[in-house]
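Peer 1: Structure supplied as protein.cif; contents: mmCIF, C-alpha atoms.
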data_protein
#
loop_
_atom_site.label_atom_id
_atom_site.label_comp_id
_atom_site.auth_asym_id
_atom_site.auth_seq_id
_atom_site.Cartn_x
_atom_site.Cartn_y
_atom_site.Cartn_z
CA MET A 1 9.09 -84.08 128.90
CA ALA A 2 8.02 -86.42 126.18
CA ALA A 3 8.72 -85.22 122.67
CA LYS A 4 5.72 -84.22 120.60
CA PRO A 5 4.85 -86.73 117.90
CA ARG A 6 5.97 -85.60 114.52
CA ARG A 7 3.28 -84.67 112.05
CA LYS A 8 3.11 -87.12 109.19
CA SER A 9 4.80 -85.60 106.15
CA ASP A 10 2.79 -84.83 103.05
CA ALA A 11 5.96 -84.89 100.92
CA PRO A 12 5.44 -88.31 99.32
CA ASP A 13 1.92 -87.36 98.24
CA ALA A 14 3.14 -83.96 97.02
CA ASN A 15 5.94 -85.54 95.02
CA ASP A 16 3.46 -87.98 93.49
CA ARG A 17 1.14 -85.15 92.43
CA VAL A 18 4.02 -83.21 90.89
CA SER A 19 5.08 -86.34 88.97
CA ARG A 20 1.52 -86.92 87.76
CA ILE A 21 1.29 -83.35 86.45
CA ARG A 22 4.66 -83.61 84.71
CA GLU A 23 3.80 -86.98 83.16
CA GLY A 24 0.34 -85.79 82.10
CA VAL A 25 1.63 -82.66 80.38
CA THR A 26 4.47 -84.57 78.73
CA ALA A 27 2.12 -87.30 77.48
CA ALA A 28 -0.22 -84.69 76.01
CA ILE A 29 2.74 -83.15 74.17
CA LEU A 30 3.93 -86.53 72.90
CA GLU A 31 0.45 -87.25 71.54
CA HIS A 32 0.21 -83.76 70.02
CA ARG A 33 -2.85 -82.94 72.13
CA LEU A 34 -1.06 -79.91 73.60
CA LEU A 35 0.18 -77.60 70.87
CA PRO A 36 3.25 -75.35 71.02
CA GLY A 37 2.33 -72.00 72.52
CA THR A 38 -0.64 -73.33 74.53
CA LYS A 39 -1.08 -71.49 77.81
CA LEU A 40 -0.84 -73.77 80.85
CA GLY A 41 -3.03 -72.14 83.50
CA GLU A 42 -2.03 -73.04 87.03
CA ASP A 43 -5.57 -72.94 88.40
CA GLU A 44 -6.98 -75.12 85.63
CA ILE A 45 -4.20 -77.69 85.94
CA GLY A 46 -4.65 -77.68 89.71
CA GLU A 47 -8.36 -78.51 89.32
CA ILE A 48 -7.61 -81.32 86.88
CA TYR A 49 -5.05 -82.99 89.16
CA GLY A 50 -6.43 -81.95 92.54
CA ALA A 51 -3.22 -80.11 93.33
CA SER A 52 -2.35 -76.75 94.85
CA ARG A 53 -0.91 -73.93 92.76
CA THR A 54 2.40 -74.48 94.54
CA LEU A 55 2.61 -78.08 93.31
CA VAL A 56 1.50 -77.10 89.81
CA ARG A 57 4.13 -74.35 89.73
CA THR A 58 6.79 -76.84 90.84
CA ALA A 59 5.84 -79.25 88.03
CA LEU A 60 5.85 -76.48 85.43
CA GLN A 61 9.22 -75.21 86.63
CA GLN A 62 10.65 -78.71 86.25
CA LEU A 63 9.26 -78.93 82.72
CA ALA A 64 10.70 -75.49 81.97
CA HIS A 65 14.11 -76.72 83.14
CA GLU A 66 13.78 -79.53 80.59
CA GLY A 67 12.92 -77.08 77.81
CA ILE A 68 9.38 -78.40 77.33
CA VAL A 69 7.63 -75.39 78.87
CA ASN A 70 8.41 -71.67 78.76
CA ILE A 71 7.61 -69.51 81.78
CA GLU A 72 7.17 -65.82 80.97
CA LYS A 73 7.18 -63.15 83.64
CA ASN A 74 3.71 -61.77 84.38
CA ARG A 75 2.19 -64.01 81.69
CA GLY A 76 2.52 -67.57 82.98
CA ALA A 77 3.58 -70.88 81.50
CA PHE A 78 3.23 -71.97 77.88
CA VAL A 79 4.09 -75.11 75.93
CA ALA A 80 7.49 -74.37 74.36
CA ARG A 81 7.76 -73.34 70.72
CA PRO A 82 11.21 -74.56 69.59
CA THR A 83 12.98 -72.69 66.80
CA PRO A 84 14.61 -74.33 63.75
CA ALA A 85 17.97 -73.85 65.51
CA ASP A 86 16.59 -75.66 68.58
CA ALA A 87 15.44 -78.49 66.31
CA ARG A 88 18.88 -78.93 64.78
CA GLU A 89 20.49 -79.01 68.23
CA VAL A 90 18.00 -81.60 69.50
CA PHE A 91 18.66 -83.97 66.60
CA GLU A 92 22.40 -83.42 66.88
CA ALA A 93 22.16 -84.45 70.54
CA ARG A 94 20.09 -87.50 69.66
CA ARG A 95 22.62 -88.59 67.03
CA LEU A 96 25.33 -88.36 69.67
CA ILE A 97 23.67 -90.46 72.37
CA GLU A 98 21.27 -92.90 70.68
CA PRO A 99 23.91 -94.97 68.84
CA THR A 100 25.65 -95.44 72.21
CA ILE A 101 22.33 -96.29 73.84
CA VAL A 102 21.72 -99.01 71.26
CA ASP A 103 25.23 -100.39 71.96
CA HIS A 104 24.33 -100.74 75.64
CA ALA A 105 20.96 -102.23 74.70
CA ILE A 106 22.68 -104.97 72.70
CA ASP A 107 24.95 -105.72 75.66
CA ALA A 108 21.83 -106.13 77.82
CA VAL A 109 19.63 -107.94 75.30
CA THR A 110 17.55 -110.89 76.55
CA PRO A 111 14.71 -112.90 75.00
CA ASP A 112 12.26 -111.03 77.24
CA TRP A 113 13.48 -107.68 75.94
CA ILE A 114 13.17 -108.84 72.33
CA ASP A 115 9.60 -109.94 73.08
CA ARG A 116 8.82 -106.49 74.53
CA LEU A 117 10.27 -104.75 71.48
CA GLN A 118 8.33 -107.02 69.11
CA GLN A 119 5.11 -106.40 71.02
CA HIS A 120 5.74 -102.68 70.79
CA LEU A 121 6.27 -102.93 67.03
CA ALA A 122 2.95 -104.75 66.76
CA GLU A 123 1.21 -101.93 68.67
CA GLU A 124 2.79 -99.36 66.35
CA ARG A 125 1.57 -101.24 63.27
CA GLU A 126 -1.94 -101.55 64.69
CA ALA A 127 -2.10 -97.81 65.40
CA GLU A 128 -0.84 -97.08 61.91
CA LEU A 129 -3.40 -99.41 60.29
CA ARG A 130 -6.35 -97.87 62.14
CA GLY A 131 -5.12 -94.37 61.32
CA ASP A 132 -4.65 -93.36 64.96
CA ALA A 133 -2.16 -90.52 64.50
CA ARG A 134 -1.97 -89.59 68.18
CA ALA A 135 -1.20 -93.15 69.26
CA SER A 136 1.35 -93.49 66.46
CA VAL A 137 3.21 -90.38 67.61
CA ARG A 138 3.18 -91.50 71.25
CA LEU A 139 4.30 -95.05 70.41
CA SER A 140 7.08 -93.76 68.18
CA GLY A 141 8.58 -91.83 71.08
CA GLU A 142 8.03 -94.75 73.44
CA PHE A 143 10.02 -97.04 71.15
CA HIS A 144 13.15 -94.94 71.60
CA ARG A 145 12.51 -94.71 75.35
CA LEU A 146 12.08 -98.50 75.52
CA VAL A 147 15.46 -99.09 73.85
CA ALA A 148 17.02 -96.67 76.37
CA GLU A 149 15.38 -98.54 79.27
CA MET A 150 16.72 -101.77 77.82
CA SER A 151 20.24 -100.28 77.85
CA GLY A 152 20.14 -99.94 81.63
CA HIS A 153 21.88 -96.56 81.43
CA SER A 154 19.84 -94.25 83.67
CA ILE A 155 21.67 -91.04 82.71
CA TYR A 156 21.14 -91.57 79.00
CA LEU A 157 17.53 -92.52 79.66
CA GLY A 158 16.94 -89.24 81.50
CA PHE A 159 18.52 -87.22 78.69
CA LEU A 160 16.56 -89.06 76.03
CA LYS A 161 13.19 -88.59 77.73
CA GLU A 162 13.73 -84.84 77.56
CA LEU A 163 14.91 -84.99 73.94
CA ILE A 164 11.92 -87.13 72.91
CA ALA A 165 9.49 -84.58 74.37
CA ARG A 166 11.31 -81.75 72.60
CA SER A 167 11.35 -83.76 69.37
CA SER A 168 7.58 -84.18 69.54
CA LEU A 169 7.11 -80.41 69.65
CA ILE A 170 9.56 -79.99 66.80
CA ILE A 171 7.82 -82.60 64.63
CA LEU A 172 4.45 -81.00 65.34
CA LEU A 173 5.73 -77.59 64.25
CA TYR A 174 7.93 -78.48 61.30
CA ARG A 175 6.90 -81.84 59.83
CA ARG A 176 5.86 -81.78 56.20
CA HIS A 177 2.23 -82.91 56.14
CA ASP A 178 2.80 -85.56 53.48
CA THR A 179 5.41 -87.52 55.45
CA PRO A 180 5.12 -89.91 58.44
CA ALA A 181 6.66 -88.78 61.72
CA CYS A 182 8.54 -91.99 62.45
CA GLY A 183 7.99 -95.06 60.26
CA THR A 184 7.54 -98.47 61.86
CA GLU A 185 9.83 -100.06 59.25
CA HIS A 186 12.75 -98.07 60.66
CA HIS A 187 12.07 -99.37 64.15
CA ALA A 188 11.75 -102.92 62.82
CA GLY A 189 15.22 -102.61 61.27
CA ILE A 190 16.70 -101.45 64.57
CA VAL A 191 15.07 -104.37 66.43
CA ALA A 192 16.38 -106.84 63.83
CA ALA A 193 19.93 -105.55 64.34
CA ILE A 194 19.56 -105.71 68.13
CA ARG A 195 18.30 -109.31 67.88
CA LYS A 196 21.40 -110.23 65.85
CA ARG A 197 23.61 -108.39 68.36
CA ASP A 198 25.07 -106.46 65.42
CA LYS A 199 26.22 -103.19 66.94
CA GLN A 200 27.51 -101.74 63.70
CA ALA A 201 24.22 -102.36 61.91
CA ALA A 202 22.15 -101.14 64.88
CA ARG A 203 24.12 -97.89 65.12
CA ALA A 204 23.84 -97.35 61.36
CA GLN A 205 20.09 -98.04 61.45
CA MET A 206 19.59 -95.61 64.33
CA LEU A 207 21.61 -92.84 62.70
CA SER A 208 19.87 -93.31 59.36
CA HIS A 209 16.51 -93.24 61.13
CA LEU A 210 17.26 -89.98 62.97
CA ASP A 211 18.69 -88.41 59.80
CA GLU A 212 15.51 -89.28 57.92
CA ILE A 213 13.23 -87.83 60.59
CA GLU A 214 15.16 -84.55 60.53
CA ALA A 215 15.25 -84.49 56.73
CA GLU A 216 11.44 -84.69 56.69
CA LEU A 217 11.20 -81.46 58.69
CA PHE A 218 10.85 -78.06 57.06
CA LEU A 219 13.39 -76.24 59.22
CA LYS A 220 13.07 -72.73 57.90
CA ASP A 221 13.82 -69.69 60.03
CA PRO A 222 10.79 -67.50 60.86
CA VAL A 223 9.88 -64.77 58.39
CA PRO A 224 11.11 -61.36 59.65
CA ASP A 225 8.34 -59.21 61.11
CA GLU A 226 9.04 -56.37 58.72
CA LEU A 227 8.44 -58.51 55.64
CA ARG A 228 5.19 -57.48 53.93
CA LEU A 229 2.65 -59.99 52.64
CA ALA A 230 2.84 -58.28 49.25
CA ASP A 231 6.53 -59.20 49.11
CA VAL A 232 5.69 -62.85 49.70
CA LEU A 233 2.37 -63.27 47.88
CA GLY A 234 2.66 -60.68 45.15
CA ALA A 235 3.15 -61.68 41.54
#
Can the structure from this file be put into structure tokens for me?

Peer 2:
Amino acid sequence: MAAKPRRKSDAPDANDRVSRIREGVTAAILEHRLLPGTKLGEDEIGEIYGASRTLVRTALQQLAHEGIVNIEKNRGAFVARPTPADAREVFEARRLIEPTIVDHAIDAVTPDWIDRLQQHLAEEREAELRGDARASVRLSGEFHRLVAEMSGHSIYLGFLKELIARSSLIILLYRRHDTPACGTEHHAGIVAAIRKRDKQAARAQMLSHLDEIEAELFLKDPVPDELRLADVLGA
């Protein structure tokens, strides 16, 4: 008896839809369009992406595994709200891996990569000049991702993508309003060191840059619930 023809699998399309949801939510976080604590309704997301609740739930679970989304029992999924302690851990992790990433990037540097980095710097400056805060935030994160792509180290790239998304939430919550999130002059200094193949200078520039970003955050622990307004605002 002839075997029945196998039904064509929907897995590739399903995987693509899950990836689109993950990328869409992450991009919205990077651009500060989705705020910490925002509820991520499965039905609404499904309508936006033309996906079933199962696929939406899979995407949200993946984002929860990366620390970008919190899933609460009987309540649903929410954009994560990192604590000051979370923020310190994220920047500690970035200081550990990004100097090594820039080392690998210098080993892999080519004229084409330098051109890509320079073009990216130009896009950052243009966004800054036109006062496009959302684009500036997104491009700032993309700069660090681009250096990681240049390094050719896929494991570090995966780690850094997660850390960049978490950093965006942290900056949104804790950045002092009178300071830039990630100045283009810092990135220009890193590119200059990469162009010169100066690993020591590139590492120092990267560490100084990350230190400055963290220093511009107001990482204060939440006020205890029992504290009365009169204790804080009273004369």

Peer 1: For each of A:Ser208, A:Thr110, A:Ser140, A:Gln61, take the minimum atom-to-atom distance to Ser168 of chain A, counting all atoms listed in the file, then give the residue where this is smallest.

Peer 2: A:Ser140

Peer 1: Output the residue selection produced by the PyMOL selection byres ((chain A and resi 144-158) around 9) on the file above, formatted as a PyMOL selection string.

Peer 2: chain A and resi 97-98+101-109+113+116-117+120+139-143+159-164+187

Peer 1: Mind pulling up the distance from atom CA of Arg17 of chain A to atom CA of Val56 of chain A?

Peer 2: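 Between atom CA of Val56 of chain A and atom CA of Arg17 of chain A the gap is 8.5 Å.
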
Peer 1: Of the residues A:Gly41, A:Gln62, A:Lys220, A:Thr54, which is the one nearest to Arg75 of chain A, using all atoms listed in the file?

Peer 2: A:Gly41

Peer 1: Using Å and a single decimal, report how far atom CA of Leu219 of chain A sits from atom CA of Arg175 of chain A.

Peer 2: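 Pair atom CA of Arg175 of chain A / atom CA of Leu219 of chain A returns 8.6 Å.
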
Peer 1: Could you state which residues are captured by the PyMOL selection byres ((chain A and resi 201) around 12) in this file, as an NGL selection string?

Peer 2: :A and (99 or 102-103 or 106 or 189-200 or 202-209)

Peer 1: To verify the selection step, state as a list in words which residues the PyMOL selection byres ((chain A and resi 135) around 10) yields on this input.

Peer 2: Leu30, Glu31, His32, Glu123, Glu124, Glu126, Ala127, Glu128, Arg130, Gly131, Asp132, Ala133, Arg134, Ser136, Val137, Arg138, Leu139 and Ser140 of chain A

Peer 1: Nearest to Arg166 of chain A among A:Asp16, A:Glu92, A:Glu66, A:Glu42, with distances taken over all atoms listed in the file: which residue is it?

Peer 2: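 Result for the nearest residue to Arg166 of chain A: A:Glu66.
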
Peer 1: What gap, in Å, lies between atom CA of Pro82 of chain A and atom CA of Leu173 of chain A?

Peer 2: 8.2 Å

Peer 1: For Ala87 of chain A, which residue out of A:Asp115, A:Asp13, A:Asp43, A:Glu214 is the nearest one, using only C-alpha atoms?

Peer 2: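 The answer is A:Glu214, which sits nearest to Ala87 of chain A.
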
Peer 1: Rank A:Val25, A:Ala93, A:Ala215, A:Ala122 by their smallest atom-to-atom distance to Leu60 of chain A, using only C-alpha atoms, and report the top residue only.

Peer 2: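 Nearest to Leu60 of chain A: A:Val25.
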